[in-house]
file start38.txt (compact mmCIF, C-alpha atoms and all ligand atoms)
# COMPACT_ATOMS: atom_id res chain seq x y z
CA MET A 28 -6.07 13.69 3.25
CA ASP A 29 -8.05 13.97 0.03
CA GLY A 30 -9.47 10.43 0.13
CA ARG A 31 -6.71 9.26 -2.14
CA THR A 32 -3.88 7.04 -1.06
CA ASP A 33 -1.15 6.80 -3.66
CA ILE A 34 1.47 4.15 -3.01
CA LEU A 35 4.76 3.77 -4.82
CA ALA A 36 5.47 0.04 -4.87
CA ILE A 37 8.68 -1.80 -5.71
CA GLU A 38 9.16 -5.49 -6.56
CA SER A 39 12.53 -7.20 -7.09
CA SER A 40 12.14 -10.66 -5.55
CA CYS A 41 13.19 -12.67 -8.60
CA ASP A 42 13.93 -11.73 -12.20
CA GLU A 43 11.67 -8.71 -12.73
CA THR A 44 12.65 -5.22 -11.65
CA ALA A 45 9.29 -3.52 -11.23
CA ALA A 46 7.75 -0.35 -9.84
CA ALA A 47 4.20 1.02 -9.88
CA VAL A 48 2.05 3.77 -8.45
CA VAL A 49 -1.34 2.50 -7.28
CA ARG A 50 -4.22 4.63 -6.00
CA ASN A 51 -6.46 3.27 -3.23
CA GLY A 52 -5.26 -0.26 -3.89
CA GLN A 53 -7.13 -0.44 -7.19
CA GLU A 54 -6.29 2.22 -9.72
CA VAL A 55 -2.98 1.55 -11.45
CA LEU A 56 -1.47 4.94 -12.33
CA SER A 57 1.70 3.34 -13.65
CA ASN A 58 3.13 -0.16 -13.90
CA VAL A 59 6.71 -0.53 -15.10
CA ILE A 60 8.27 -3.98 -15.47
CA TYR A 61 11.82 -4.56 -16.60
CA THR A 62 12.11 -8.30 -17.22
CA GLN A 63 15.51 -9.95 -17.06
CA ILE A 64 14.27 -13.11 -18.79
CA LYS A 65 16.45 -12.66 -21.86
CA MET A 66 19.63 -12.61 -19.80
CA HIS A 67 18.67 -15.67 -17.72
CA THR A 68 17.54 -17.59 -20.82
CA LEU A 69 21.20 -17.91 -21.78
CA TYR A 70 21.72 -20.03 -18.64
CA GLY A 71 18.44 -22.00 -18.75
CA GLY A 72 17.10 -20.44 -15.55
CA VAL A 73 17.46 -17.56 -13.09
CA VAL A 74 21.05 -16.98 -11.93
CA PRO A 75 20.63 -15.25 -8.54
CA GLU A 76 23.88 -13.28 -8.63
CA LEU A 77 23.14 -11.89 -12.08
CA ALA A 78 19.58 -11.06 -11.03
CA SER A 79 20.82 -8.91 -8.12
CA ARG A 80 23.27 -7.04 -10.34
CA LYS A 81 20.64 -6.35 -12.96
CA HIS A 82 18.22 -5.08 -10.29
CA ILE A 83 20.89 -2.63 -9.10
CA GLU A 84 21.46 -1.47 -12.65
CA LYS A 85 17.78 -0.94 -13.47
CA ILE A 86 15.98 0.01 -10.27
CA ASN A 87 16.67 3.73 -10.44
CA PHE A 88 15.34 4.00 -13.97
CA VAL A 89 12.33 1.75 -13.32
CA VAL A 90 11.22 3.67 -10.21
CA GLN A 91 11.71 7.04 -11.90
CA LYS A 92 9.68 5.87 -14.89
CA ALA A 93 6.87 4.66 -12.61
CA LEU A 94 6.69 8.13 -11.04
CA ASP A 95 6.93 9.86 -14.44
CA ASP A 96 4.22 7.68 -15.99
CA ALA A 97 1.96 8.53 -13.03
CA HIS A 98 2.84 12.24 -13.46
CA MET A 99 4.10 12.34 -9.90
CA LYS A 100 7.10 13.19 -7.84
CA LEU A 101 8.25 11.19 -4.87
CA SER A 102 6.86 13.93 -2.60
CA ASP A 103 3.35 13.30 -4.02
CA VAL A 104 3.00 9.70 -2.87
CA ASP A 105 1.64 8.71 0.53
CA ALA A 106 3.83 5.68 1.17
CA VAL A 107 6.58 3.53 -0.28
CA ALA A 108 5.95 -0.23 -0.39
CA VAL A 109 8.34 -3.03 -1.20
CA THR A 110 8.39 -6.82 -1.42
CA TYR A 111 10.63 -8.08 1.40
CA GLY A 112 10.07 -11.84 0.97
CA PRO A 113 9.93 -14.57 -0.02
CA GLY A 114 12.40 -14.64 -2.90
CA LEU A 115 16.08 -14.51 -3.74
CA VAL A 116 17.88 -12.77 -0.89
CA GLY A 117 20.21 -10.66 -3.04
CA ALA A 118 17.40 -9.65 -5.37
CA LEU A 119 15.06 -8.74 -2.50
CA LEU A 120 17.77 -6.70 -0.80
CA VAL A 121 18.08 -4.36 -3.78
CA GLY A 122 14.39 -3.41 -3.61
CA VAL A 123 14.32 -3.24 0.18
CA ALA A 124 17.40 -1.00 0.42
CA PHE A 125 16.14 1.24 -2.37
CA ALA A 126 12.64 1.57 -0.87
CA LYS A 127 14.07 2.29 2.59
CA SER A 128 16.27 5.06 1.24
CA LEU A 129 13.40 6.64 -0.68
CA ALA A 130 11.03 6.49 2.26
CA TRP A 131 13.61 7.79 4.72
CA ALA A 132 14.76 10.62 2.48
CA SER A 133 11.20 11.76 1.71
CA GLY A 134 9.74 11.18 5.18
CA LYS A 135 7.15 8.74 3.85
CA PRO A 136 5.95 5.62 5.65
CA LEU A 137 7.51 2.34 4.56
CA ILE A 138 5.41 -0.80 4.05
CA GLY A 139 7.00 -4.22 3.62
CA VAL A 140 4.82 -6.56 1.58
CA HIS A 141 4.70 -10.34 1.34
CA HIS A 142 5.19 -11.38 -2.29
CA ILE A 143 2.39 -13.97 -2.24
CA GLU A 144 0.00 -11.53 -0.57
CA GLY A 145 0.90 -9.28 -3.50
CA HIS A 146 0.05 -11.97 -6.06
CA ILE A 147 -3.40 -12.60 -4.58
CA SER A 148 -4.03 -8.84 -4.26
CA ALA A 149 -3.59 -8.47 -8.04
CA ASN A 150 -7.23 -9.58 -8.14
CA TYR A 151 -8.41 -6.44 -6.31
CA ILE A 152 -7.16 -4.24 -9.16
CA GLU A 153 -9.54 -5.54 -11.81
CA HIS A 154 -12.22 -7.00 -9.56
CA PRO A 155 -13.14 -4.33 -7.01
CA GLU A 156 -16.14 -6.41 -5.96
CA LEU A 157 -13.88 -9.18 -4.65
CA GLU A 158 -13.62 -9.09 -0.87
CA PRO A 159 -12.62 -11.69 1.70
CA PRO A 160 -13.58 -14.36 2.55
CA TYR A 161 -12.78 -16.36 -0.58
CA LEU A 162 -10.67 -19.29 -1.68
CA GLY A 163 -7.29 -18.41 -3.18
CA LEU A 164 -5.10 -20.56 -5.42
CA ILE A 165 -1.61 -19.11 -5.83
CA VAL A 166 0.47 -20.86 -8.47
CA SER A 167 3.83 -19.35 -9.34
CA GLY A 168 7.41 -20.35 -10.06
CA GLY A 169 8.22 -20.68 -6.37
CA HIS A 170 4.86 -21.34 -4.72
CA THR A 171 1.72 -23.42 -4.89
CA HIS A 172 -0.75 -22.57 -2.16
CA LEU A 173 -4.43 -23.23 -1.69
CA VAL A 174 -5.69 -20.84 0.99
CA ILE A 175 -8.80 -19.39 2.53
CA VAL A 176 -8.40 -15.62 2.47
CA ARG A 177 -10.26 -14.89 5.73
CA ASP A 178 -9.66 -11.16 5.75
CA TRP A 179 -7.33 -8.69 4.05
CA ALA A 180 -3.92 -10.26 4.53
CA GLU A 181 -5.25 -13.09 6.72
CA PHE A 182 -4.81 -16.57 5.35
CA ASP A 183 -5.60 -20.13 6.39
CA ILE A 184 -3.37 -22.42 4.38
CA LEU A 185 -5.29 -25.53 3.29
CA GLY A 186 -2.66 -27.03 1.05
CA ARG A 187 0.70 -26.41 -0.53
CA THR A 188 3.20 -28.25 -2.65
CA VAL A 189 5.31 -30.79 -0.84
CA ASP A 190 8.04 -30.60 -3.49
CA ASP A 191 8.18 -28.58 -6.75
CA ALA A 192 5.97 -25.56 -7.30
CA ALA A 193 3.59 -25.71 -10.28
CA GLY A 194 5.63 -23.18 -12.29
CA GLU A 195 8.83 -25.00 -11.43
CA ALA A 196 7.34 -28.20 -12.87
CA PHE A 197 6.43 -26.33 -16.08
CA ASP A 198 9.97 -24.96 -16.31
CA LYS A 199 11.66 -28.33 -15.67
CA VAL A 200 9.45 -30.25 -18.10
CA ALA A 201 9.97 -27.57 -20.77
CA ARG A 202 13.72 -27.89 -20.34
CA ALA A 203 13.48 -31.69 -20.62
CA ILE A 204 11.59 -31.48 -23.92
CA GLY A 205 13.99 -28.84 -25.18
CA LEU A 206 11.66 -25.85 -25.18
CA GLY A 207 13.91 -23.59 -23.13
CA TYR A 208 13.29 -21.06 -20.35
CA PRO A 209 10.84 -19.85 -19.12
CA GLY A 210 8.96 -23.05 -19.68
CA GLY A 211 5.41 -22.11 -18.69
CA PRO A 212 4.54 -19.88 -21.64
CA LYS A 213 6.31 -22.26 -24.07
CA ILE A 214 4.38 -25.32 -22.85
CA ASP A 215 1.19 -23.26 -22.95
CA ALA A 216 1.85 -22.34 -26.60
CA ILE A 217 2.96 -25.74 -27.93
CA SER A 218 0.12 -27.52 -26.09
CA LYS A 219 -2.38 -25.77 -28.31
CA GLU A 220 -1.20 -28.08 -31.12
CA GLY A 221 -1.17 -31.22 -28.98
CA ASN A 222 -3.67 -33.77 -27.73
CA PRO A 223 -4.03 -33.58 -23.92
CA GLU A 224 -5.45 -37.13 -23.89
CA ALA A 225 -2.49 -38.63 -25.77
CA ILE A 226 -0.52 -39.73 -22.71
CA HIS A 227 -2.03 -40.55 -19.37
CA PHE A 228 0.11 -39.33 -16.49
CA PRO A 229 -0.80 -40.59 -13.01
CA LYS A 230 -2.17 -38.11 -10.54
CA ALA A 231 0.06 -37.67 -7.56
CA HIS A 232 -1.66 -38.16 -4.24
CA VAL A 233 -0.21 -36.74 -1.09
CA ASN A 234 -1.09 -38.85 1.90
CA LYS A 235 -0.60 -36.22 4.55
CA SER A 236 -3.25 -33.80 3.39
CA GLU A 237 -5.92 -33.99 0.73
CA TYR A 238 -5.20 -30.42 -0.36
CA ASP A 239 -1.43 -30.64 -0.67
CA PHE A 240 0.15 -30.90 -4.11
CA SER A 241 3.10 -32.87 -5.45
CA PHE A 242 4.53 -32.13 -8.86
CA SER A 243 7.92 -33.82 -8.78
CA GLY A 244 6.36 -37.25 -9.42
CA LEU A 245 4.64 -35.90 -12.50
CA LYS A 246 7.90 -34.34 -13.68
CA SER A 247 9.64 -37.72 -13.21
CA ALA A 248 6.88 -39.45 -15.16
CA VAL A 249 7.55 -37.08 -18.07
CA LEU A 250 11.31 -37.73 -17.82
CA ASN A 251 10.72 -41.50 -17.74
CA TYR A 252 8.51 -41.23 -20.79
CA LEU A 253 11.28 -39.36 -22.64
CA ASN A 254 13.97 -41.85 -21.57
CA HIS A 255 11.86 -44.79 -22.60
CA ALA A 256 11.21 -43.24 -26.01
CA GLU A 257 14.92 -42.61 -26.48
CA MET A 258 15.83 -46.18 -25.59
CA THR A 259 13.25 -47.66 -27.92
CA HIS A 260 14.06 -45.12 -30.68
CA GLU A 261 10.52 -43.84 -30.79
CA THR A 262 9.93 -40.25 -31.83
CA VAL A 263 8.24 -38.10 -29.23
CA ASN A 264 5.40 -35.80 -30.18
CA LYS A 265 6.40 -32.77 -28.09
CA ALA A 266 3.04 -31.08 -28.44
CA ASP A 267 1.16 -34.17 -27.21
CA LEU A 268 3.60 -34.61 -24.34
CA ALA A 269 3.33 -30.95 -23.30
CA ALA A 270 -0.46 -30.94 -23.57
CA SER A 271 -0.78 -34.17 -21.54
CA PHE A 272 1.54 -32.87 -18.82
CA GLN A 273 -0.32 -29.56 -18.72
CA LYS A 274 -3.66 -31.37 -18.44
CA ALA A 275 -2.39 -33.37 -15.45
CA VAL A 276 -1.39 -30.14 -13.69
CA VAL A 277 -4.66 -28.39 -14.52
CA ASP A 278 -6.72 -31.39 -13.37
CA VAL A 279 -5.13 -31.59 -9.93
CA LEU A 280 -5.30 -27.82 -9.39
CA THR A 281 -8.97 -27.58 -10.35
CA GLU A 282 -10.00 -30.72 -8.44
CA HIS A 283 -8.40 -29.58 -5.18
CA THR A 284 -9.84 -26.09 -5.53
CA VAL A 285 -13.42 -27.16 -6.25
CA HIS A 286 -13.27 -29.80 -3.54
CA ALA A 287 -12.09 -27.24 -0.97
CA ALA A 288 -14.77 -24.75 -2.02
CA LYS A 289 -17.42 -27.39 -1.41
CA GLU A 290 -16.01 -28.58 1.88
CA TYR A 291 -15.62 -25.08 3.31
CA ASN A 292 -18.76 -23.76 1.63
CA ILE A 293 -17.01 -20.88 -0.10
CA ARG A 294 -18.58 -19.56 -3.28
CA ARG A 295 -15.75 -17.39 -4.61
CA VAL A 296 -12.39 -18.49 -5.97
CA ALA A 297 -9.46 -16.26 -6.98
CA MET A 298 -6.34 -17.43 -8.78
CA ALA A 299 -2.98 -15.67 -8.84
CA GLY A 300 0.68 -16.09 -9.78
CA GLY A 301 2.53 -16.67 -13.05
CA VAL A 302 0.91 -20.04 -13.77
CA ALA A 303 -2.53 -18.42 -13.47
CA SER A 304 -1.78 -16.89 -16.88
CA ASN A 305 -1.80 -20.41 -18.39
CA SER A 306 -4.61 -20.59 -20.92
CA ALA A 307 -5.55 -24.23 -20.21
CA LEU A 308 -5.69 -23.55 -16.46
CA ARG A 309 -7.84 -20.44 -16.97
CA GLU A 310 -10.22 -22.39 -19.18
CA GLY A 311 -10.23 -25.53 -17.03
CA MET A 312 -10.82 -23.61 -13.81
CA GLN A 313 -13.57 -21.54 -15.44
CA LYS A 314 -15.38 -24.71 -16.53
CA ALA A 315 -14.94 -26.45 -13.18
CA CYS A 316 -16.13 -23.40 -11.24
CA GLN A 317 -19.10 -22.89 -13.51
CA ALA A 318 -20.15 -26.52 -13.08
CA ALA A 319 -19.87 -26.17 -9.30
CA GLY A 320 -21.68 -22.80 -9.19
CA LEU A 321 -18.59 -20.87 -8.05
CA SER A 322 -17.51 -17.38 -9.13
CA LEU A 323 -13.97 -17.26 -10.45
CA TYR A 324 -11.62 -14.27 -10.44
CA ILE A 325 -8.33 -14.21 -12.34
CA PRO A 326 -6.10 -11.19 -12.99
CA SER A 327 -5.10 -10.32 -16.57
CA PRO A 328 -1.94 -12.22 -17.56
CA VAL A 329 0.31 -9.15 -17.06
CA LEU A 330 -0.86 -8.93 -13.44
CA CYS A 331 -0.38 -12.69 -12.87
CA THR A 332 3.38 -12.71 -13.45
CA ASP A 333 5.62 -10.61 -11.21
CA ASN A 334 4.79 -6.89 -11.16
CA ALA A 335 4.71 -4.05 -8.65
CA ALA A 336 1.07 -3.01 -9.13
CA MET A 337 0.04 -6.08 -7.13
CA ILE A 338 2.43 -5.02 -4.35
CA GLY A 339 0.80 -1.57 -4.33
CA ALA A 340 -2.64 -3.20 -4.09
CA ALA A 341 -1.56 -5.35 -1.13
CA ALA A 342 0.21 -2.42 0.54
CA PHE A 343 -2.97 -0.35 0.48
CA HIS A 344 -4.71 -2.79 2.82
CA GLU A 345 -1.65 -2.90 5.08
CA PHE A 346 -1.64 0.92 5.07
CA GLU A 347 -5.34 1.07 5.93
CA ALA A 348 -4.77 -1.36 8.80
CA GLY A 349 -2.10 1.00 10.13
CA ARG A 350 0.79 -1.36 9.55
CA ARG A 351 4.16 0.28 8.90
CA SER A 352 7.63 -1.21 8.65
CA GLY A 353 10.61 0.03 10.61
CA TRP A 354 13.94 1.21 9.22
CA ASP A 355 15.26 -2.20 10.21
CA LEU A 356 13.12 -3.90 7.53
CA ASN A 357 15.22 -6.67 6.00
CA ALA A 358 14.88 -9.14 3.15
CA VAL A 359 13.39 -12.43 4.40
CA PRO A 360 13.99 -15.02 1.65
CA ALA A 361 11.83 -17.74 3.27
CA LEU A 362 9.08 -15.50 4.63
CA ARG A 363 5.96 -17.60 5.30
CA LEU A 364 2.49 -16.56 4.27
CA GLY A 365 0.77 -14.68 7.08
CA GLU A 366 4.08 -14.08 8.89
CA ARG A 367 5.25 -10.53 9.56
CA ALA A 368 8.76 -9.30 10.20
O1 LIG B 401 4.61 -15.38 -10.37
P1 LIG B 401 5.82 -15.49 -11.19
O2 LIG B 401 6.07 -14.45 -12.26
O3 LIG B 401 7.11 -15.53 -10.32
C1 LIG B 401 7.18 -16.17 -9.09
O4 LIG B 401 6.78 -15.56 -8.07
O5 LIG B 401 7.62 -17.34 -9.10
O6 LIG B 401 5.77 -16.94 -11.86
C2 LIG B 401 6.71 -17.39 -12.78
C3 LIG B 401 6.33 -18.80 -13.16
C4 LIG B 401 7.38 -19.49 -14.03
O7 LIG B 401 7.61 -20.78 -13.52
C5 LIG B 401 6.71 -19.54 -15.39
O8 LIG B 401 7.13 -20.64 -16.19
C6 LIG B 401 5.25 -19.65 -15.01
O9 LIG B 401 5.11 -18.80 -13.91
N1 LIG B 401 4.38 -19.20 -16.09
C7 LIG B 401 3.51 -20.03 -16.72
C8 LIG B 401 2.91 -19.25 -17.74
N2 LIG B 401 3.43 -17.99 -17.69
C9 LIG B 401 4.32 -17.99 -16.66
N3 LIG B 401 3.21 -21.32 -16.51
C10 LIG B 401 2.30 -21.88 -17.32
N4 LIG B 401 1.71 -21.22 -18.35
C11 LIG B 401 1.97 -19.92 -18.59
N5 LIG B 401 1.36 -19.28 -19.59
ZN ZN B 402 5.82 -14.04 -8.08
call {"tool": "encode", "arguments": {"input": "start38.txt", "output": "structure tokens"}}
result
Amino acid sequence: MDGRTDILAIESSCDETAAAVVRNGQEVLSNVIYTQIKMHTLYGGVVPELASRKHIEKINFVVQKALDDAHMKLSDVDAVAVTYGPGLVGALLVGVAFAKSLAWASGKPLIGVHHIEGHISANYIEHPELEPPYLGLIVSGGHTHLVIVRDWAEFDILGRTVDDAAGEAFDKVARAIGLGYPGGPKIDAISKEGNPEAIHFPKAHVNKSEYDFSFSGLKSAVLNYLNHAEMTHETVNKADLAASFQKAVVDVLTEHTVHAAKEYNIRRVAMAGGVASNSALREGMQKACQAAGLSLYIPSPVLCTDNAAMIGAAAFHEFEAGRRSGWDLNAVPALRLGERA
């Protein structure tokens, strides 16, 4: 060993076919992302069957490019890592089968990675000083989790969404106002021209736990607002509507996070997931953390949305802990955070 651990990582859980080579969990030697968004846009959302087929079509090229960009051959890497859940089963299977074949053929260890653990680990790439324990807020298209990261890959879940994920709410509201898919970036952009105070949307409270989230009520409130406007022939200011919806999401995410940091006496907060690239959330969380004396870590936008560099970063800590997956590694579409197959 030369003190370097180079991991080839593969991610195919949803609509991005991605591969990366990451050194020591921090240095990104290559990061290749083939996004299928254009294809799915035609249908207004991700079509699972099409996603799997596209992954099959692209994975060979994407993995080869990741090795080429890193000036490496498969024989040069120390391990092969892959997202094995949660996600779309057919999409996950493509990455898992591909990674297994590569690892088996080259005699390299195989490391199955939890997708959400990957998202949070994106922070380690640009913020080497960040170490557990800290508070993590993961907001993506499929997940909304507020967790205490106790140790590398050890999580205490404080709260989660009881219905739609934050990104899902962005996507559904964008569709309702006619902005198209994927909704998050479109709402983010149009909101810059809108007044976030224009419409007051009620904050959803979840009785069961003070840290849980609920976004479907907010989505319904937006739909009701649109229906009412249609019935009364009022014109809707899309920018104001988007900005007001976005503000409601940002407010609940920041309030829960700061509240949890105070209650558990944690001084560091890290955000992750596609929605963490939202400009209003980045700004709102920065302000809220500053006011509460908390340090905030957020990956660059390209490392917030799905990518394989984050999987390589997470895999490094699994590798260091001696965890390896067997040849029976399978896709686990509903894999829970902290669970291992
Ligand atoms: O993490 P990600 O790429 O995939 C999942 O693991 O789900 O997250 C995708 C989600 C989508 O719902 C997308 O609309 C949302 O992240 N998203 C955003 C922004 N960019 C992506 N939401 C709000 N603002 C953005 N700028
Ligand atoms: Zn993701």
call {"tool": "residues_near_ligand", "arguments": {"input": "start38.txt", "ligand": "ligand ZN 402 (chain B)", "cutoff": "6 Å", "atoms": "only C-alpha atoms and all ligand atoms", "output": "list in words"}}
result
Ser167, Gly300 and Asp333 of chain A
call {"tool": "write_last_selection", "arguments": {"input": "start38.txt", "atoms": "C-alpha atoms", "output": "tab-separated table (two decimals), in the coordinates of the input"}}
result
chain	number	residue	atom	x	y	z
A	167	SER	CA	3.83	-19.35	-9.34
A	300	GLY	CA	0.68	-16.09	-9.78
A	333	ASP	CA	5.62	-10.61	-11.21
call {"tool": "closest_residue", "arguments": {"input": "start38.txt", "among": "A:Asp105, A:Glu261, A:Glu345, A:Asp215", "to": "ligand LIG 401 (chain B)", "atoms": "only C-alpha atoms and all ligand atoms"}}
result
A:Asp215
call {"tool": "atom_distance", "arguments": {"input": "start38.txt", "atom1": "CA of Ser102 (chain A)", "atom2": "CA of Val89 (chain A)"}}
result
17.1 Å
call {"tool": "closest_atom_pairs", "arguments": {"input": "start38.txt", "of": "chain A", "to": "ligand LIG 401 (chain B)", "cutoff": "10 Å", "atoms": "all atoms listed in the file", "output": "CSV"}}
result
residue,atom,partner,partner_atom,distance
A:Ser40,CA,B:LIG401,O4,7.7
A:Cys41,CA,B:LIG401,O3,6.9
A:Asp42,CA,B:LIG401,O3,8.0
A:Glu43,CA,B:LIG401,O2,8.0
A:Thr62,CA,B:LIG401,O2,9.9
A:Gly72,CA,B:LIG401,O7,9.7
A:Pro113,CA,B:LIG401,O4,8.7
A:Gly114,CA,B:LIG401,O4,7.7
A:His142,CA,B:LIG401,O4,7.3
A:Ile143,CA,B:LIG401,O4,7.5
A:Gly145,CA,B:LIG401,O4,9.7
A:His146,CA,B:LIG401,O1,7.1
A:Ile165,CA,B:LIG401,O1,8.6
A:Val166,CA,B:LIG401,O1,7.1
A:Ser167,CA,B:LIG401,O6,4.0
A:Gly168,CA,B:LIG401,O5,3.2
A:Gly169,CA,B:LIG401,O5,4.4
A:His170,CA,B:LIG401,O5,6.5
A:Thr171,CA,B:LIG401,O5,9.5
A:Ala192,CA,B:LIG401,O7,8.0
A:Ala193,CA,B:LIG401,O7,7.1
A:Gly194,CA,B:LIG401,O7,3.3
A:Glu195,CA,B:LIG401,O7,4.9
A:Ala196,CA,B:LIG401,O7,7.5
A:Phe197,CA,B:LIG401,O8,5.7
A:Asp198,CA,B:LIG401,O8,5.2
A:Lys199,CA,B:LIG401,O7,8.8
A:Ala201,CA,B:LIG401,O8,8.8
A:Tyr208,CA,B:LIG401,O8,7.4
A:Pro209,CA,B:LIG401,O8,4.8
A:Gly210,CA,B:LIG401,O8,4.6
A:Gly211,CA,B:LIG401,N3,3.2
A:Pro212,CA,B:LIG401,N5,3.8
A:Lys213,CA,B:LIG401,N5,7.3
A:Ile214,CA,B:LIG401,N4,6.6
A:Asp215,CA,B:LIG401,N4,5.1
A:Ala216,CA,B:LIG401,N5,7.7
A:Gln273,CA,B:LIG401,C10,8.2
A:Val276,CA,B:LIG401,C10,9.7
A:Val277,CA,B:LIG401,C10,9.9
A:Ala299,CA,B:LIG401,O1,7.7
A:Gly300,CA,B:LIG401,O1,4.0
A:Gly301,CA,B:LIG401,O9,3.5
A:Val302,CA,B:LIG401,N3,3.8
A:Ala303,CA,B:LIG401,C8,7.0
A:Ser304,CA,B:LIG401,N5,4.8
A:Asn305,CA,B:LIG401,N5,3.6
A:Ser306,CA,B:LIG401,N5,6.3
A:Ala307,CA,B:LIG401,N4,8.1
A:Leu308,CA,B:LIG401,N4,8.0
A:Arg309,CA,B:LIG401,N5,9.6
A:Pro328,CA,B:LIG401,N2,7.9
A:Val329,CA,B:LIG401,O2,9.2
A:Leu330,CA,B:LIG401,O2,8.9
A:Cys331,CA,B:LIG401,O1,6.2
A:Thr332,CA,B:LIG401,O2,3.4
A:Asp333,CA,B:LIG401,O2,4.0
A:Asn334,CA,B:LIG401,O2,7.7
call {"tool": "atom_distance", "arguments": {"input": "start38.txt", "atom1": "CA of Phe343 (chain A)", "atom2": "CA of Leu115 (chain A)"}}
result
24.1 Å
call {"tool": "atom_distance", "arguments": {"input": "start38.txt", "atom1": "CA of Asn51 (chain A)", "atom2": "CA of Ile184 (chain A)"}}
result
27.0 Å
call {"tool": "closest_residue", "arguments": {"input": "start38.txt", "among": "A:Val249, A:Leu35, A:Ala126, A:Met298", "to": "Leu323 (chain A)", "atoms": "all atoms listed in the file"}}
result
A:Met298
call {"tool": "closest_residue", "arguments": {"input": "start38.txt", "among": "A:Ala78, A:Ile34, A:Ala348, A:Leu250", "to": "Gly205 (chain A)", "atoms": "all atoms listed in the file"}}
result
A:Leu250
call {"tool": "residues_around", "arguments": {"input": "start38.txt", "residues": "Lys274 (chain A)", "least_positions_apart": "3", "cutoff": "9 Å", "atoms": "all atoms listed in the file", "output": "list in words"}}
result
Pro223, Glu224, Ala269, Ala270, Ser271, Val277, Asp278, Val279, Ala307, Leu308 and Gly311 of chain A
call {"tool": "residues_near_point", "arguments": {"input": "start38.txt", "point": "(22.5, -13.4, -10.6)", "cutoff": "10 Å", "atoms": "only C-alpha atoms", "output": "PyMOL selection string"}}
result
chain A and resi 41-42+66-67+73-82+115+117-118
call {"tool": "closest_residue", "arguments": {"input": "start38.txt", "among": "A:Val296, A:Leu162, A:Leu157, A:Val121", "to": "Glu181 (chain A)", "atoms": "all atoms listed in the file"}}
result
A:Leu162
